[in-house]
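Enquirer: Dropping a structure here in structure tokens format, bear with me for questions.
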Amino acid sequence: MPDTAGRARPVVLMFAGQGAQHPRMAAGLHGHDETFTAWMDEAFRLLGPDGTRLREQWLAPAPAPEYDDVTVAQPLLYAVGHALGRMLLEQGLRPAALFGHSVGELVAATLAGVLEFADGMRLMRDRMALFADTPPGGMLAVAASVADVADVLGPTVHLAAVNAARQLLLAGERAPLDDAARILTGRGLVCQDVRARQAFHSPVVAPAVDASLPAWQAVRLAPPRLPLYSAYTRGPLPADRARDPEFWARQPAETVHFAPTLTTVLDEHPGCLLVEAGPGNSLATLARRQRAITRGHSAVLTLLPDRARGDEADIRSVEQAWCVLSGPPAVPAGAGAGAGSHPPTPAETGRKP
């Protein structure tokens with residue numbers, strides 16, 4: 001089985017958040033890969049009454065009007081990212097590190113063993129209810145530095161994410177965010193709405209964050225069993241922070257520092273292969289701007305096509321990525337990866353996922 005410990009190039013898995021969702025993301029793998037199928041089916045079961053609706057929206061060829069709402073995008077991104085990660089772990093991949101953007105960090109944390117998937121889905125159900133009631137808002141991608149937008153930031157427009165040196169996300173309620181877009185566009189800066197209907201990573205959602213804290217306090221949190229990086233600490237996540245429910249509950253209202261976190265990952269894992277293990281290629285696009293990538297010291301791989309291109313395209317893309325990931329085995333064919341090398345899979349536990 002492939003083993004990053006014996007590779008010349010360690011593998012780092014990264015998971016995207018809101019904005020990466022699209023209809024039928026990874027749907028070609030459902031019914032094709034046993035592990036992916038089992039975990040997606042379990043996700044819809046855990047969603048209870050919403051499971052059937054969300055399955056239908058996931059498999060529909062065109063998005064429903066609410067597809068970019070927290071009630072659809074967030075649980076689907078969490079479920080799909082987790083199922084893809086489990087698929088790779090089940091095939092024997094041992095990542096050198098994991099990290100993610102926004103809800104992608106929850107995917108990485110679940111795969112690293114910080115929380116159980118069933119608890120994660122319950123928290124997603126709570127998020128669907130609580131965050132849907134926040135004031136109508138959105139997120140705006142701006143090709144600019146923080147200094148370029150400093151004068152439009154304030155009580156109503158907030159810095160939601162630092163994705164690259166000149167790639168930011170702003171968030172706020174709809175009217176002030178639209179005003180900011182007009183001002184910045186008038187300066188010649190490129191602005192684009194993100195597919196989100198809530199002002200994530202801003203104080204606009206703070207009341208929902210406060211309301212979510214009791215649910216987080218009821219969840220068992222554990223130190224990561226795989227190296228986990230956080231875009232909120234900008235580095236490796238210490239065990240005490242991983243076990244802190246308030247740290248996780250506050251994330252939807254906090255700025256995502258993706259760019260500096262990615263820089264830390266590349267510095268601490270020189271020569272790594274960054275794998276975007278989720279729908280699309282948004283994080284891979286950001287990663288390709290990093291000096292370690294442009295100079296060829298590290299590389300980037302996407303697991304899936306940039307958008308829905310048909311079931312066969314999903315299958316072919318994963319197969320091609322796995323050829324790169326598997327490489328020459330570091331241990332004899334059929335040998336195990338070792339106890340405790342990754343969170344237990346359904347085959348290891350002998351129970352349904």
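Convention: chains lettered A, B, ... in structure tokens order; per-chain residue numbering from 1; ligands numbered from 1 as shown.
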Can you pull out the residues contacting A:Glu268? Cut-off 12 Å, using only C-alpha atoms, and skip same-chain residues under 2 positions away; I want them as a list of chain:residue names.

Expert: A:Pro10, A:Val12, A:Ala96, A:Ala97, A:Pro227, A:Tyr229, A:Gly235, A:Pro236, A:Thr261, A:Leu262, A:Thr263, A:Thr264, A:Val265, A:Leu266, A:Pro270, A:Gly271, A:Cys272, A:Ala292, A:Ser298

Enquirer: List as JSON, numbers by chain the protein and nucleic acid residues near stretch 58-72 of chain A, meaning an atom at most 12 Å away when only C-alpha atoms are counted, but skip any in the same chain fewer than 4 places from it.

Expert: {"A": [17, 18, 19, 20, 21, 22, 23, 24, 25, 26, 27, 28, 29, 30, 40, 44, 47, 50, 51, 52, 53, 54, 76, 77, 78, 79, 80, 103, 124, 125, 126, 127, 128, 129, 130, 131, 132, 133, 134, 136, 137, 138, 139, 193, 194, 195, 196, 197, 198, 199, 200, 205, 252, 307, 308, 309, 310, 311]}

Enquirer: Among the residues of stretch 105-333 of chain A, find those DSSP assigns to strand (DSSP E) from the backbone and print them as number ranges by chain.

Expert: A: 137-142, 157-164, 167-173, 191-193, 229-230, 235-236, 273-276, 299-302

Enquirer: Give the helix (DSSP H, G or I) residues of stretch 240-279 of chain A, as DSSP finds them on the backbone, and put them as a list in words.

Expert: Asp240, Arg241, Ala242, Pro245, Glu246, Phe247, Trp248, Ala249, Arg250, Gln251, Pro252, Ala253, Phe258, Ala259, Pro260, Thr261, Leu262, Thr263, Thr264, Val265, Leu266, Asp267 and Glu268 of chain A

Enquirer: Since we have the selection now, will you write its residues out, keeping N, CA and C atoms, as an mmCIF file, in the first residue's frame?

Expert:
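Heads up, here's the output in result.cif:
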data_model
loop_
_atom_site.group_PDB
_atom_site.id
_atom_site.type_symbol
_atom_site.label_atom_id
_atom_site.label_comp_id
_atom_site.auth_asym_id
_atom_site.auth_seq_id
_atom_site.Cartn_x
_atom_site.Cartn_y
_atom_site.Cartn_z
ATOM 1 N N ASP A 240 -4.554 20.893 22.952
ATOM 2 C CA ASP A 240 -5.504 21.598 23.823
ATOM 3 C C ASP A 240 -6.509 22.407 23.007
ATOM 4 N N ARG A 241 -6.077 22.985 21.885
ATOM 5 C CA ARG A 241 -7.028 23.717 21.046
ATOM 6 C C ARG A 241 -7.981 22.749 20.349
ATOM 7 N N ALA A 242 -7.484 21.605 19.942
ATOM 8 C CA ALA A 242 -8.345 20.615 19.282
ATOM 9 C C ALA A 242 -9.473 20.160 20.200
ATOM 10 N N PRO A 245 -14.089 23.202 22.665
ATOM 11 C CA PRO A 245 -15.308 23.378 21.872
ATOM 12 C C PRO A 245 -15.509 24.814 21.406
ATOM 13 N N GLU A 246 -15.079 25.786 22.213
ATOM 14 C CA GLU A 246 -15.252 27.176 21.804
ATOM 15 C C GLU A 246 -14.408 27.500 20.569
ATOM 16 N N PHE A 247 -13.220 26.918 20.469
ATOM 17 C CA PHE A 247 -12.375 27.121 19.284
ATOM 18 C C PHE A 247 -13.124 26.724 18.017
ATOM 19 N N TRP A 248 -13.791 25.585 18.052
ATOM 20 C CA TRP A 248 -14.513 25.116 16.862
ATOM 21 C C TRP A 248 -15.801 25.890 16.645
ATOM 22 N N ALA A 249 -16.513 26.188 17.712
ATOM 23 C CA ALA A 249 -17.782 26.903 17.572
ATOM 24 C C ALA A 249 -17.590 28.293 16.986
ATOM 25 N N ARG A 250 -16.467 28.962 17.329
ATOM 26 C CA ARG A 250 -16.240 30.340 16.896
ATOM 27 C C ARG A 250 -15.768 30.455 15.447
ATOM 28 N N GLN A 251 -15.341 29.366 14.845
ATOM 29 C CA GLN A 251 -14.740 29.451 13.517
ATOM 30 C C GLN A 251 -15.609 30.138 12.458
ATOM 31 N N PRO A 252 -16.903 29.887 12.382
ATOM 32 C CA PRO A 252 -17.691 30.524 11.318
ATOM 33 C C PRO A 252 -17.740 32.048 11.389
ATOM 34 N N ALA A 253 -17.356 32.638 12.527
ATOM 35 C CA ALA A 253 -17.345 34.098 12.650
ATOM 36 C C ALA A 253 -15.935 34.675 12.600
ATOM 37 N N PHE A 258 -5.939 31.404 5.284
ATOM 38 C CA PHE A 258 -5.527 30.250 4.497
ATOM 39 C C PHE A 258 -4.119 30.409 3.942
ATOM 40 N N ALA A 259 -3.790 31.574 3.385
ATOM 41 C CA ALA A 259 -2.487 31.763 2.744
ATOM 42 C C ALA A 259 -1.319 31.536 3.703
ATOM 43 N N PRO A 260 -1.301 32.177 4.875
ATOM 44 C CA PRO A 260 -0.178 31.917 5.787
ATOM 45 C C PRO A 260 -0.138 30.486 6.290
ATOM 46 N N THR A 261 -1.296 29.856 6.431
ATOM 47 C CA THR A 261 -1.317 28.459 6.860
ATOM 48 C C THR A 261 -0.719 27.567 5.778
ATOM 49 N N LEU A 262 -1.076 27.820 4.536
ATOM 50 C CA LEU A 262 -0.513 27.056 3.424
ATOM 51 C C LEU A 262 0.997 27.240 3.348
ATOM 52 N N THR A 263 1.458 28.459 3.571
ATOM 53 C CA THR A 263 2.906 28.712 3.575
ATOM 54 C C THR A 263 3.592 27.889 4.655
ATOM 55 N N THR A 264 3.002 27.837 5.848
ATOM 56 C CA THR A 264 3.562 27.039 6.942
ATOM 57 C C THR A 264 3.617 25.560 6.575
ATOM 58 N N VAL A 265 2.529 25.059 5.989
ATOM 59 C CA VAL A 265 2.487 23.651 5.586
ATOM 60 C C VAL A 265 3.614 23.343 4.603
ATOM 61 N N LEU A 266 3.800 24.209 3.609
ATOM 62 C CA LEU A 266 4.830 23.971 2.597
ATOM 63 C C LEU A 266 6.226 24.094 3.195
ATOM 64 N N ASP A 267 6.400 25.024 4.143
ATOM 65 C CA ASP A 267 7.702 25.169 4.796
ATOM 66 C C ASP A 267 8.046 23.944 5.648
ATOM 67 N N GLU A 268 7.027 23.389 6.313
ATOM 68 C CA GLU A 268 7.273 22.289 7.236
ATOM 69 C C GLU A 268 7.217 20.915 6.573
#

Enquirer: I want to know what sits within 7 Å of A:Ala16, based on only C-alpha atoms, with residues of the same chain fewer than 3 positions away left out; could you give that as a list in words?

Expert: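 The neighbour list is Ala20, Gly100, His101, Gly104, Gly278 and Leu283 of chain A.
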
Enquirer: Generate the output file for the selected residues, N, CA and C atoms, as a tab-separated table (two decimals), in the first residue's frame.

Expert:
chain	number	residue	atom	x	y	z
A	20	ALA	N	-16.97	26.14	-3.14
A	20	ALA	CA	-16.48	25.04	-3.98
A	20	ALA	C	-17.61	24.11	-4.43
A	100	GLY	N	-7.73	22.47	5.92
A	100	GLY	CA	-8.85	22.85	5.08
A	100	GLY	C	-9.21	24.30	5.24
A	101	HIS	N	-10.17	24.71	4.43
A	101	HIS	CA	-10.66	26.09	4.40
A	101	HIS	C	-12.10	26.08	4.89
A	104	GLY	N	-14.07	22.98	5.31
A	104	GLY	CA	-13.04	22.00	4.97
A	104	GLY	C	-12.15	21.67	6.14
A	278	GLY	N	-11.27	17.24	-2.74
A	278	GLY	CA	-12.66	17.67	-2.68
A	278	GLY	C	-13.10	18.14	-4.04
A	283	LEU	N	-8.62	25.52	-4.13
A	283	LEU	CA	-7.43	25.56	-3.27
A	283	LEU	C	-6.17	25.27	-4.07
